[in-house]
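Asker: model24.txt (compact mmCIF, C-alpha atoms and all ligand atoms) pasted underneath:
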```txt
# COMPACT_ATOMS: atom_id res chain seq x y z
CA MET R 254 53.02 41.20 119.17
CA LEU R 255 49.96 41.16 121.42
CA ASN R 256 47.70 41.28 118.36
CA THR R 257 49.54 38.32 116.88
CA LEU R 258 49.06 36.31 120.05
CA LEU R 259 45.38 37.27 120.29
CA THR R 260 44.82 36.27 116.67
CA ARG R 261 46.51 32.95 117.35
CA VAL R 262 44.24 32.33 120.35
CA ARG R 263 41.14 33.39 118.37
CA HIS R 264 41.98 30.95 115.58
CA GLY R 265 42.23 28.07 118.01
CA ARG R 266 43.27 24.64 116.82
CA ARG R 267 42.92 24.21 113.08
CA THR R 268 44.77 20.92 112.64
CA THR R 269 42.62 17.96 111.67
CA SER R 270 42.20 15.13 114.18
CA PHE R 271 43.05 12.63 111.45
CA PRO R 272 43.78 9.74 111.81
CA ALA R 273 42.08 9.52 115.23
CA GLN R 274 38.91 10.78 113.55
CA GLU R 275 37.79 10.14 110.00
CA PRO R 276 37.82 13.30 107.88
CA THR R 277 34.67 14.98 106.62
CA LEU R 278 35.16 15.63 102.94
CA PRO R 279 33.21 18.12 100.87
CA GLU R 280 30.18 16.87 98.94
CA ARG R 281 31.95 17.41 95.62
CA PHE R 282 34.92 15.21 96.57
CA ARG R 283 35.26 12.25 94.20
CA GLY R 284 36.91 9.16 95.63
CA LEU R 285 36.90 5.41 95.17
CA PRO R 286 34.54 4.35 92.35
CA LEU R 287 31.77 1.93 93.26
CA LEU R 288 30.92 -0.60 90.56
CA HIS R 289 27.38 -1.92 90.23
CA PRO R 290 27.64 -4.43 87.38
CA GLU R 291 24.12 -5.72 88.02
CA ARG R 292 22.77 -2.34 86.86
CA CYS R 293 24.61 -2.60 83.53
CA THR R 294 22.03 -4.50 81.53
CA ASP R 295 22.34 -3.30 77.95
CA GLY R 296 26.14 -3.26 77.65
CA CYS R 297 26.12 0.09 75.84
CA GLN R 298 29.85 0.66 76.55
CA GLY R 299 29.05 4.34 77.18
CA CYS R 300 31.33 4.50 80.23
CA ILE R 301 34.23 2.92 78.34
CA GLU R 302 33.84 5.36 75.46
CA ALA R 303 33.55 8.33 77.84
CA CYS R 304 36.72 7.56 79.79
CA PRO R 305 39.55 9.90 78.69
CA THR R 306 42.33 7.55 79.81
CA ALA R 307 40.99 4.12 78.81
CA ALA R 308 40.85 3.21 82.51
CA ILE R 309 37.69 1.11 82.15
CA ARG R 310 37.56 -2.27 80.55
CA GLY R 311 35.04 -5.05 80.39
CA GLU R 312 31.67 -5.73 79.03
CA ALA R 313 28.12 -5.82 80.35
CA GLY R 314 28.19 -6.97 83.96
CA ARG R 315 32.00 -7.29 84.13
CA LEU R 316 33.28 -3.75 84.50
CA ALA R 317 36.72 -3.07 85.95
CA ILE R 318 38.61 0.20 86.50
CA ASP R 319 42.34 0.71 86.60
CA LEU R 320 42.62 3.26 89.41
CA GLY R 321 46.20 3.94 88.36
CA ARG R 322 44.86 5.49 85.15
CA CYS R 323 41.68 6.99 86.61
CA LEU R 324 41.39 10.79 86.78
CA PHE R 325 38.22 10.68 88.93
CA CYS R 326 36.79 13.04 86.33
CA PRO R 327 33.76 11.58 86.47
CA ALA R 328 32.76 11.13 82.82
CA CYS R 329 31.93 7.42 83.23
CA ALA R 330 29.37 8.00 85.98
CA GLN R 331 27.78 10.80 83.99
CA ALA R 332 27.63 8.64 80.85
CA CYS R 333 25.77 5.81 82.61
CA ALA R 334 22.08 6.50 83.09
CA ALA R 335 21.75 3.12 84.85
CA GLY R 336 24.18 4.18 87.59
CA ALA R 337 26.56 1.25 87.13
CA ILE R 338 29.46 3.46 88.26
CA GLU R 339 29.38 5.91 91.15
CA LEU R 340 32.21 7.87 92.70
CA SER R 341 32.15 7.53 96.48
CA HIS R 342 33.67 9.74 99.18
CA ASP R 343 36.25 7.11 100.10
CA TYR R 344 39.63 8.86 100.00
CA ARG R 345 41.69 5.73 100.81
CA LEU R 346 43.42 4.99 97.52
CA ALA R 347 47.01 4.06 98.39
CA VAL R 348 48.33 0.54 97.72
CA ARG R 349 51.66 -1.26 97.68
CA ASP R 350 51.29 -3.10 94.34
CA ARG R 351 50.40 -1.68 90.97
CA ALA R 352 48.14 -4.69 90.35
CA ALA R 353 46.10 -3.82 93.45
CA LEU R 354 44.81 -0.73 91.65
CA GLN R 355 42.72 -2.91 89.34
CA LEU R 356 39.28 -2.36 90.81
CA THR R 357 36.77 -5.11 90.20
CA PRO R 358 33.18 -5.41 91.44
CA GLY R 359 32.79 -6.63 95.00
CA ALA R 360 36.54 -6.81 95.71
CA PRO R 361 37.76 -4.27 98.30
CA LEU R 362 40.93 -2.34 97.53
CA ALA R 363 44.00 -3.98 99.13
CA LEU R 364 45.14 -0.86 101.01
CA ALA R 365 48.85 -0.37 101.65
CA GLU R 366 50.58 -2.75 104.04
CA PRO R 367 53.42 -1.41 106.24
CA LEU R 368 57.07 -1.49 105.19
CA GLY R 369 59.17 -4.30 106.63
CA LYS R 370 59.97 -4.17 110.34
CA GLU R 371 63.69 -3.53 109.83
CA LEU R 372 63.12 -0.62 107.46
CA ARG R 373 60.60 0.93 109.84
CA ARG R 374 63.12 0.52 112.66
CA LEU R 375 65.74 2.34 110.59
CA LEU R 376 63.32 5.14 109.74
CA GLY R 377 62.43 5.58 113.39
CA ARG R 378 59.70 8.14 113.87
CA ALA R 379 60.69 10.32 110.92
CA LEU R 380 60.28 10.02 107.17
CA LYS R 381 62.16 12.54 105.07
CA LEU R 382 61.21 12.66 101.40
CA ARG R 383 62.70 14.39 98.39
CA GLN R 384 59.95 15.35 95.97
CA VAL R 385 60.62 15.20 92.23
CA SER R 386 58.23 16.88 89.81
CA ALA R 387 58.71 14.90 86.64
CA GLY R 388 56.59 16.74 84.12
CA GLY R 389 53.09 16.87 85.59
CA CYS R 390 50.62 19.74 85.72
CA ASN R 391 51.48 20.87 89.29
CA GLY R 392 48.11 19.75 90.63
CA CYS R 393 49.80 17.04 92.67
CA GLU R 394 52.36 19.51 93.98
CA VAL R 395 49.62 21.83 95.22
CA GLU R 396 48.18 19.00 97.30
CA LEU R 397 51.64 18.04 98.54
CA ASN R 398 52.15 21.63 99.67
CA ALA R 399 48.91 21.36 101.60
CA LEU R 400 50.40 18.50 103.61
CA GLY R 401 52.61 21.07 105.32
CA ASN R 402 49.87 23.53 106.26
CA THR R 403 48.21 23.79 109.66
CA ILE R 404 45.21 21.70 108.58
CA PHE R 405 47.05 18.53 107.58
CA ASP R 406 50.40 19.18 109.31
CA ALA R 407 52.26 16.06 108.16
CA GLY R 408 55.19 17.24 110.29
CA ARG R 409 53.39 16.05 113.46
CA PHE R 410 54.00 12.50 112.17
CA GLY R 411 57.65 13.21 111.41
CA ILE R 412 56.90 13.37 107.66
CA GLN R 413 58.82 16.16 105.97
CA PHE R 414 60.05 17.13 102.53
CA VAL R 415 63.74 17.92 102.32
CA ALA R 416 65.75 19.84 99.75
CA SER R 417 68.60 17.39 99.29
CA PRO R 418 68.24 13.74 98.26
CA ARG R 419 71.27 13.08 100.50
CA HIS R 420 69.09 13.93 103.51
CA ALA R 421 66.12 11.87 102.30
CA ASP R 422 64.80 8.40 103.11
CA GLY R 423 63.15 8.21 99.74
CA LEU R 424 61.62 9.88 96.73
CA LEU R 425 58.08 11.02 96.13
CA VAL R 426 57.52 11.44 92.40
CA THR R 427 54.79 13.32 90.58
CA GLY R 428 54.28 13.61 86.85
CA PRO R 429 54.52 11.12 83.98
CA VAL R 430 58.33 11.54 83.62
CA SER R 431 58.91 13.73 80.62
CA ALA R 432 61.94 12.96 78.47
CA ALA R 433 63.76 15.93 79.99
CA MET R 434 63.11 14.71 83.55
CA ARG R 435 64.06 11.08 83.07
CA GLU R 436 67.79 11.45 83.77
CA PRO R 437 67.37 14.03 86.58
CA LEU R 438 64.91 11.67 88.25
CA LEU R 439 67.31 8.73 88.04
CA THR R 440 70.22 10.88 89.23
CA THR R 441 68.18 12.06 92.22
CA TYR R 442 67.21 8.47 93.04
CA ARG R 443 70.86 7.37 92.96
CA ALA R 444 71.73 10.23 95.34
CA VAL R 445 69.36 8.98 98.07
CA PRO R 446 71.25 6.75 100.56
CA ARG R 447 70.13 3.13 100.94
CA PRO R 448 67.78 1.78 102.09
CA LYS R 449 65.32 4.05 100.30
CA ILE R 450 61.70 4.06 99.33
CA VAL R 451 59.83 5.37 96.30
CA ILE R 452 56.31 6.76 96.21
CA ALA R 453 54.33 7.32 93.00
CA CYS R 454 51.92 10.18 93.61
CA GLY R 455 49.01 10.61 91.22
CA ALA R 456 47.83 9.07 87.97
CA CYS R 457 50.71 10.59 86.00
CA ALA R 458 53.45 8.99 88.10
CA ILE R 459 51.58 5.68 88.16
CA SER R 460 50.56 5.36 84.51
CA GLY R 461 51.20 8.59 82.63
CA GLY R 462 47.70 9.82 83.49
CA PRO R 463 46.28 12.16 80.87
CA PHE R 464 49.68 12.22 79.13
CA ALA R 465 49.94 8.44 78.71
CA GLY R 466 51.10 7.31 75.31
CA HIS R 467 52.71 10.60 74.37
CA PRO R 468 56.14 10.02 72.81
CA GLU R 469 57.73 12.61 75.13
CA VAL R 470 56.68 10.89 78.39
CA ASN R 471 57.53 7.61 80.07
CA ASP R 472 54.00 6.69 81.25
CA GLY R 473 54.99 6.90 84.90
CA ILE R 474 57.84 5.57 87.00
CA GLY R 475 56.90 1.89 87.22
CA ASP R 476 59.58 0.69 84.79
CA LEU R 477 62.23 3.12 86.08
CA LEU R 478 62.16 2.78 89.86
CA PRO R 479 61.07 0.18 92.45
CA VAL R 480 57.84 1.69 93.74
CA ASP R 481 56.81 1.06 97.36
CA LEU R 482 53.58 3.04 97.43
CA PHE R 483 51.10 4.01 94.72
CA CYS R 484 48.76 6.90 95.63
CA ALA R 485 45.91 7.07 93.12
CA GLY R 486 44.18 10.31 92.23
CA CYS R 487 44.45 13.28 89.93
CA PRO R 488 45.62 14.75 92.15
CA PRO R 489 45.45 12.61 95.30
CA HIS R 490 43.75 14.45 98.18
CA PRO R 491 46.09 15.28 101.11
CA PHE R 492 44.10 12.78 103.20
CA THR R 493 44.80 10.12 100.55
CA LEU R 494 48.51 10.88 100.80
CA LEU R 495 48.53 11.00 104.60
CA ASP R 496 46.55 7.77 104.80
CA GLY R 497 49.00 6.04 102.44
CA LEU R 498 52.11 7.35 104.21
CA LEU R 499 50.82 6.41 107.66
CA ARG R 500 49.89 2.93 106.43
CA LEU R 501 53.36 2.56 104.96
CA LEU R 502 54.87 3.50 108.32
CA GLY R 503 52.62 1.04 110.13
CA ARG R 504 50.87 3.82 112.02
CA ARG R 505 47.40 3.23 110.59
CA ALA R 506 45.55 -0.02 110.00
S1 LIG R 601 36.31 8.70 86.58
FE1 LIG R 601 38.11 7.46 85.98
S2 LIG R 601 37.26 5.64 85.01
FE2 LIG R 601 35.60 7.19 85.06
S3 LIG R 601 35.74 8.25 83.07
FE3 LIG R 601 36.96 9.44 84.53
S4 LIG R 601 39.06 8.63 84.28
FE4 LIG R 601 37.68 7.11 83.35
S1 LIG R 602 48.10 13.18 88.31
FE1 LIG R 602 46.68 14.79 87.64
S2 LIG R 602 47.05 16.46 89.11
FE2 LIG R 602 48.82 15.06 89.27
S3 LIG R 602 50.35 15.91 87.85
FE3 LIG R 602 49.12 14.37 86.69
S4 LIG R 602 47.49 15.56 85.68
FE4 LIG R 602 48.35 16.84 87.32
```
Output the file's structure as C-alpha cells, nothing else.
Answerer:
Amino acid sequence: MLNTLLTRVRHGRRTTSFPAQEPTLPERFRGLPLLHPERCTDGCQGCIEACPTAAIRGEAGRLAIDLGRCLFCPACAQACAAGAIELSHDYRLAVRDRAALQLTPGAPLALAEPLGKELRRLLGRALKLRQVSAGGCNGCEVELNALGNTIFDAGRFGIQFVASPRHADGLLVTGPVSAAMREPLLTTYRAVPRPKIVIACGACAISGGPFAGHPEVNDGIGDLLPVDLFCAGCPPHPFTLLDGLLRLLGRRA
C-alpha cells in the first residue's frame, strides 16, 4: 500500500492543463492543412491525383480540401514540390456544419459553436455519450479510449461514455456505417431519450473515409442522423475531440 502511495506521489500530476494551456503536440502530428494557392503555378494536379479519398478539388490557384474526407495522410503535401499544401499542427478540426469542413484558401475554419442555451441548461455540467462503432478500423476508438486516461481525463469536464443509450445524452459514432451496423445504429439512436445530440467522429463517420463508395457502407452518418458535431481526422486526436466537445458545451471559445 505504501509503495502504491509513493509511486503515486512520484508520478505527480500527469493530466494536461488543456484547455487553460494550449497543448504541445509532437512534431509528426498532422493537423489542419494550409493552402498556398499562389505557389501552385503549373497546375500539375499532382496533389489531386495523389489524394486517396478525392478530398482535393480545384485547379491551379484554386485548391480546396474537404476535411470531412481528408485522412491527413499526407500524400498531397508530399506530391507538391512547390509546397502549395502543408499540414500544420493545428488540432482544432471540429465544426457544427458539414459544409464548414470545405477548406478554401484564406478562409479560417468555422469552429464549432455551442449548443443552444436550453439544451446546455438541460445537460448541466455533464455530458454522457453512448459510443457506436459502425464498421471503422478501430483507430478512432483507440483515441476515444485515450480520452478517459489520466492525460486527457475527459471526466473532469463531466464527459463520460456510458454503456446504455438510455443513460446517454447522445451518440458518438465512428466508422462509415457498414450494412450490418446500419439498423443497430438507428436502434441505438432511437433508444436515447430526447433531447439528444449526435457526434460524427472521424473521416469514416463523416464521409465514409477510406471506405467511401463501397457498396457495403453508407458513406457516414450524415443522411441517417441529425449530426450536431463533426470531428475531422483519421483518427481525430484526443485534443481535437476534447476541443470540439468543450466548444459544443460552450466551455471553450
Ligand atoms: S492529406 Fe488529405 S487531402 Fe492530402 S492527400 Fe491525404 S487525404 Fe488527400
Ligand atoms: S476515420 Fe480513420 S481511424 Fe477512424 S475508423 Fe475511419 S479509417 Fe479508422
Asker: Could you please extract the residues within 8 Å of ligand LIG 601 (chain R), counting only C-alpha atoms and all ligand atoms, and hand them back as a list in words?
Answerer: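 Going residue by residue within 8 Å of ligand LIG 601 (chain R), we get Pro286, Cys300, Ile301, Ala303, Cys304, Pro305, Thr306, Ala307, Ala308, Ile309, Ile318, Asp319, Leu320, Arg322, Cys323, Leu324, Phe325, Cys326, Pro327, Ala328, Cys329, Ala330, Ile338 and Leu340 of chain R.
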Asker: Pull C-alpha atoms from the residues just selected and write them as a JSON list (two decimals), in the coordinates of the input.
Answerer:
```
[["chain", "number", "residue", "atom", "x", "y", "z"],
["R", 286, "PRO", "CA", 34.54, 4.35, 92.35],
["R", 300, "CYS", "CA", 31.33, 4.50, 80.23],
["R", 301, "ILE", "CA", 34.23, 2.92, 78.34],
["R", 303, "ALA", "CA", 33.55, 8.33, 77.84],
["R", 304, "CYS", "CA", 36.72, 7.56, 79.79],
["R", 305, "PRO", "CA", 39.55, 9.90, 78.69],
["R", 306, "THR", "CA", 42.33, 7.55, 79.81],
["R", 307, "ALA", "CA", 40.99, 4.12, 78.81],
["R", 308, "ALA", "CA", 40.85, 3.21, 82.51],
["R", 309, "ILE", "CA", 37.69, 1.11, 82.15],
["R", 318, "ILE", "CA", 38.61, 0.20, 86.50],
["R", 319, "ASP", "CA", 42.34, 0.71, 86.60],
["R", 320, "LEU", "CA", 42.62, 3.26, 89.41],
["R", 322, "ARG", "CA", 44.86, 5.49, 85.15],
["R", 323, "CYS", "CA", 41.68, 6.99, 86.61],
["R", 324, "LEU", "CA", 41.39, 10.79, 86.78],
["R", 325, "PHE", "CA", 38.22, 10.68, 88.93],
["R", 326, "CYS", "CA", 36.79, 13.04, 86.33],
["R", 327, "PRO", "CA", 33.76, 11.58, 86.47],
["R", 328, "ALA", "CA", 32.76, 11.13, 82.82],
["R", 329, "CYS", "CA", 31.93, 7.42, 83.23],
["R", 330, "ALA", "CA", 29.37, 8.00, 85.98],
["R", 338, "ILE", "CA", 29.46, 3.46, 88.26],
["R", 340, "LEU", "CA", 32.21, 7.87, 92.70]]
```
Asker: Name the residues, by chain letter and number, that sit within 7 Å of ligand LIG 602 (chain R) using all atoms listed in the file, and give them as a VMD selection string.
Answerer: chain R and resid 324 389 to 393 427 to 429 455 to 458 462 to 463 486 to 488
Asker: Could you name the residues that touch R:Ala444 at 12 Å or less, counting all atoms listed in the file, but leaving out those on the same chain fewer than 6 positions away, as a ChimeraX atom specification?
Answerer: /R:383,417-424,437-438
Asker: Residues near R:Arg292, anyone? I mean within 9 Å using all atoms listed in the file, not counting same-chain ones fewer than 6 positions away, as a ChimeraX atom specification.
Answerer: /R:314,335-338
Asker: Dump C-alpha atoms for the selected residues as a PDB file, in the coordinates of the input?
Answerer:
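Okay, part.pdb is ready:
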```
ATOM      1  CA  GLY R 314      28.190  -6.970  83.960  1.00  0.00           C
ATOM      2  CA  ALA R 335      21.750   3.120  84.850  1.00  0.00           C
ATOM      3  CA  GLY R 336      24.180   4.180  87.590  1.00  0.00           C
ATOM      4  CA  ALA R 337      26.560   1.250  87.130  1.00  0.00           C
ATOM      5  CA  ILE R 338      29.460   3.460  88.260  1.00  0.00           C
TER       6      ILE R 338
END
```
Asker: Padding 5 Å on every side, please: axis-aligned box over the listed atoms of stretch 303-321 of chain R, centre and edge lengths to one decimal in Å, as lines of an AutoDock Vina configuration file.
Answerer:
```
center_x = 37.2
center_y = 1.3
center_z = 83.6
size_x = 28.1
size_y = 27.2
size_z = 21.6
```
Asker: I'd like to know which of R:Glu366, R:Glu396, R:Asp343, R:Asp295 is closest to R:Arg505, using only C-alpha atoms.
Answerer: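 Smallest distance to R:Arg505 is found for R:Glu366.
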Asker: Could you state the separation of atom CA of R:Glu469 and atom CA of R:Met434 in Å, given to one decimal place?
Answerer: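 Going from atom CA of R:Glu469 over to atom CA of R:Met434 covers 10.2 Å.
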Asker: Excluding R:Val470 and its own-chain neighbours fewer than 2 positions away, which residues fall within 7 Å of it when counting all atoms listed in the file? Please give them as a list in words.
Answerer: Pro429, Val430, Ser431, Ala432, His467, Pro468 and Asp472 of chain R
Asker: As a PyMOL selection string, please: the residues near R:Leu372 (cut-off 12 Å, only C-alpha atoms, same-chain neighbours under 6 positions excluded).
Answerer: chain R and resi 378-380+422-423+447-450+501-503
Asker: Considering only C-alpha atoms, state which residue in the set R:Arg435, R:Cys293, R:Pro272, R:Pro479 is at the smallest distance from R:Leu499.
Answerer: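 Of R:Arg435, R:Cys293, R:Pro272, R:Pro479, the one nearest R:Leu499, counting only C-alpha atoms, is R:Pro272.
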Asker: Atom CA of R:Asp476 and atom CA of R:Arg500, how far apart in Å?
Answerer: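 Interatomic distance, atom CA of R:Arg500 to atom CA of R:Asp476: 23.8 Å.
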Asker: Just give me the gap between atom CA of R:Leu382 and atom CA of R:Lys370 in Å, one decimal is fine.
Answerer: 19.1 Å
Asker: Out of R:Gly466, R:Pro276, R:Gly359, R:Gly265, which residue has the shortest atom-to-atom distance to R:Arg345 when counting all atoms listed in the file?
Answerer: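 Comparing R:Gly466, R:Pro276, R:Gly359, R:Gly265 against R:Arg345, the winner is R:Pro276.
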Asker: Quick one: everything within 7 Å of R:His342, counting all atoms listed in the file, minus sequence neighbours fewer than 4 positions away in the same chain. Send it as a list of chain:residue names.
Answerer: R:Phe282, R:Arg283, R:Gly284, R:Leu285
Asker: For a quick check of understanding, using only C-alpha atoms, which of R:Val451, R:Leu316, R:Met254, R:Leu495 has the smallest distance to R:Ile404?
Answerer: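 When distances to R:Ile404 are compared using only C-alpha atoms, the smallest one comes from R:Leu495.
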Asker: Between R:Ala352, R:Leu368, R:Ala360, R:Ile474, which is the closest to R:Arg504 once you count all atoms listed in the file?
Answerer: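 Going through R:Ala352, R:Leu368, R:Ala360, R:Ile474 one by one, the smallest distance to R:Arg504 is for R:Leu368.
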Asker: For R:Leu354, which residue out of R:Gly475, R:Phe483, R:Glu436, R:His289 is the nearest one, using only C-alpha atoms?
Answerer: R:Phe483
Asker: Please supply stretch 445-468 of chain R, rebuilt with N, CA, C and O atoms, as a PDB file, in the frame of the given file.
Answerer:
```pdb
ATOM      1  N   VAL R 445      69.979   9.277  96.765  1.00  0.00           N
ATOM      2  CA  VAL R 445      69.360   8.980  98.070  1.00  0.00           C
ATOM      3  C   VAL R 445      70.088   7.777  98.674  1.00  0.00           C
ATOM      4  O   VAL R 445      70.256   6.746  98.017  1.00  0.00           O
ATOM      5  N   PRO R 446      70.539   7.890  99.929  1.00  0.00           N
ATOM      6  CA  PRO R 446      71.250   6.750 100.560  1.00  0.00           C
ATOM      7  C   PRO R 446      70.325   5.542 100.745  1.00  0.00           C
ATOM      8  O   PRO R 446      69.117   5.701 100.926  1.00  0.00           O
ATOM      9  N   ARG R 447      70.894   4.368 100.674  1.00  0.00           N
ATOM     10  CA  ARG R 447      70.130   3.130 100.940  1.00  0.00           C
ATOM     11  C   ARG R 447      69.979   2.925 102.434  1.00  0.00           C
ATOM     12  O   ARG R 447      70.875   3.327 103.178  1.00  0.00           O
ATOM     13  N   PRO R 448      68.923   2.223 102.872  1.00  0.00           N
ATOM     14  CA  PRO R 448      67.780   1.780 102.090  1.00  0.00           C
ATOM     15  C   PRO R 448      66.857   2.965 101.805  1.00  0.00           C
ATOM     16  O   PRO R 448      66.825   3.908 102.596  1.00  0.00           O
ATOM     17  N   LYS R 449      66.148   2.904 100.697  1.00  0.00           N
ATOM     18  CA  LYS R 449      65.320   4.050 100.300  1.00  0.00           C
ATOM     19  C   LYS R 449      63.994   3.557  99.751  1.00  0.00           C
ATOM     20  O   LYS R 449      63.893   2.419  99.285  1.00  0.00           O
ATOM     21  N   ILE R 450      63.018   4.438  99.839  1.00  0.00           N
ATOM     22  CA  ILE R 450      61.700   4.060  99.330  1.00  0.00           C
ATOM     23  C   ILE R 450      61.307   5.009  98.202  1.00  0.00           C
ATOM     24  O   ILE R 450      61.877   6.094  98.058  1.00  0.00           O
ATOM     25  N   VAL R 451      60.313   4.572  97.415  1.00  0.00           N
ATOM     26  CA  VAL R 451      59.830   5.370  96.300  1.00  0.00           C
ATOM     27  C   VAL R 451      58.302   5.400  96.351  1.00  0.00           C
ATOM     28  O   VAL R 451      57.658   4.361  96.537  1.00  0.00           O
ATOM     29  N   ILE R 452      57.764   6.595  96.193  1.00  0.00           N
ATOM     30  CA  ILE R 452      56.310   6.760  96.210  1.00  0.00           C
ATOM     31  C   ILE R 452      55.882   7.390  94.894  1.00  0.00           C
ATOM     32  O   ILE R 452      56.430   8.413  94.471  1.00  0.00           O
ATOM     33  N   ALA R 453      54.906   6.763  94.241  1.00  0.00           N
ATOM     34  CA  ALA R 453      54.330   7.320  93.000  1.00  0.00           C
ATOM     35  C   ALA R 453      53.056   8.043  93.391  1.00  0.00           C
ATOM     36  O   ALA R 453      52.104   7.428  93.864  1.00  0.00           O
ATOM     37  N   CYS R 454      53.050   9.344  93.183  1.00  0.00           N
ATOM     38  CA  CYS R 454      51.920  10.180  93.610  1.00  0.00           C
ATOM     39  C   CYS R 454      51.127  10.642  92.406  1.00  0.00           C
ATOM     40  O   CYS R 454      51.622  11.436  91.598  1.00  0.00           O
ATOM     41  N   GLY R 455      49.905  10.142  92.280  1.00  0.00           N
ATOM     42  CA  GLY R 455      49.010  10.610  91.220  1.00  0.00           C
ATOM     43  C   GLY R 455      49.043   9.746  89.966  1.00  0.00           C
ATOM     44  O   GLY R 455      49.974   8.958  89.744  1.00  0.00           O
ATOM     45  N   ALA R 456      47.991   9.895  89.169  1.00  0.00           N
ATOM     46  CA  ALA R 456      47.830   9.070  87.970  1.00  0.00           C
ATOM     47  C   ALA R 456      49.015   9.198  87.018  1.00  0.00           C
ATOM     48  O   ALA R 456      49.423   8.215  86.382  1.00  0.00           O
ATOM     49  N   CYS R 457      49.582  10.404  86.923  1.00  0.00           N
ATOM     50  CA  CYS R 457      50.710  10.590  86.000  1.00  0.00           C
ATOM     51  C   CYS R 457      51.892   9.707  86.388  1.00  0.00           C
ATOM     52  O   CYS R 457      52.449   8.992  85.551  1.00  0.00           O
ATOM     53  N   ALA R 458      52.287   9.765  87.661  1.00  0.00           N
ATOM     54  CA  ALA R 458      53.450   8.990  88.100  1.00  0.00           C
ATOM     55  C   ALA R 458      53.181   7.485  88.046  1.00  0.00           C
ATOM     56  O   ALA R 458      54.102   6.685  87.902  1.00  0.00           O
ATOM     57  N   ILE R 459      51.907   7.108  88.160  1.00  0.00           N
ATOM     58  CA  ILE R 459      51.580   5.680  88.160  1.00  0.00           C
ATOM     59  C   ILE R 459      51.483   5.132  86.731  1.00  0.00           C
ATOM     60  O   ILE R 459      51.996   4.054  86.429  1.00  0.00           O
ATOM     61  N   SER R 460      50.846   5.919  85.846  1.00  0.00           N
ATOM     62  CA  SER R 460      50.560   5.360  84.510  1.00  0.00           C
ATOM     63  C   SER R 460      50.809   6.325  83.360  1.00  0.00           C
ATOM     64  O   SER R 460      50.657   5.938  82.202  1.00  0.00           O
ATOM     65  N   GLY R 461      51.139   7.556  83.675  1.00  0.00           N
ATOM     66  CA  GLY R 461      51.200   8.590  82.630  1.00  0.00           C
ATOM     67  C   GLY R 461      49.982   9.488  82.673  1.00  0.00           C
ATOM     68  O   GLY R 461      49.995  10.567  82.082  1.00  0.00           O
ATOM     69  N   GLY R 462      48.910   9.008  83.324  1.00  0.00           N
ATOM     70  CA  GLY R 462      47.700   9.820  83.490  1.00  0.00           C
ATOM     71  C   GLY R 462      47.190  10.345  82.157  1.00  0.00           C
ATOM     72  O   GLY R 462      47.156   9.610  81.166  1.00  0.00           O
ATOM     73  N   PRO R 463      46.812  11.613  82.118  1.00  0.00           N
ATOM     74  CA  PRO R 463      46.280  12.160  80.870  1.00  0.00           C
ATOM     75  C   PRO R 463      47.339  12.273  79.768  1.00  0.00           C
ATOM     76  O   PRO R 463      47.006  12.509  78.614  1.00  0.00           O
ATOM     77  N   PHE R 464      48.599  12.114  80.133  1.00  0.00           N
ATOM     78  CA  PHE R 464      49.680  12.220  79.130  1.00  0.00           C
ATOM     79  C   PHE R 464      50.109  10.856  78.600  1.00  0.00           C
ATOM     80  O   PHE R 464      51.014  10.774  77.756  1.00  0.00           O
ATOM     81  N   ALA R 465      49.502   9.793  79.080  1.00  0.00           N
ATOM     82  CA  ALA R 465      49.940   8.440  78.710  1.00  0.00           C
ATOM     83  C   ALA R 465      49.950   8.244  77.204  1.00  0.00           C
ATOM     84  O   ALA R 465      49.035   8.677  76.498  1.00  0.00           O
ATOM     85  N   GLY R 466      50.991   7.609  76.734  1.00  0.00           N
ATOM     86  CA  GLY R 466      51.100   7.310  75.310  1.00  0.00           C
ATOM     87  C   GLY R 466      51.796   8.382  74.506  1.00  0.00           C
ATOM     88  O   GLY R 466      52.160   8.160  73.346  1.00  0.00           O
ATOM     89  N   HIS R 467      52.015   9.531  75.119  1.00  0.00           N
ATOM     90  CA  HIS R 467      52.710  10.600  74.370  1.00  0.00           C
ATOM     91  C   HIS R 467      54.181  10.209  74.204  1.00  0.00           C
ATOM     92  O   HIS R 467      54.805   9.707  75.154  1.00  0.00           O
ATOM     93  N   PRO R 468      54.752  10.439  73.020  1.00  0.00           N
ATOM     94  CA  PRO R 468      56.140  10.020  72.810  1.00  0.00           C
ATOM     95  C   PRO R 468      57.147  10.724  73.715  1.00  0.00           C
ATOM     96  O   PRO R 468      58.261  10.224  73.907  1.00  0.00           O
TER      97      PRO R 468
END
```
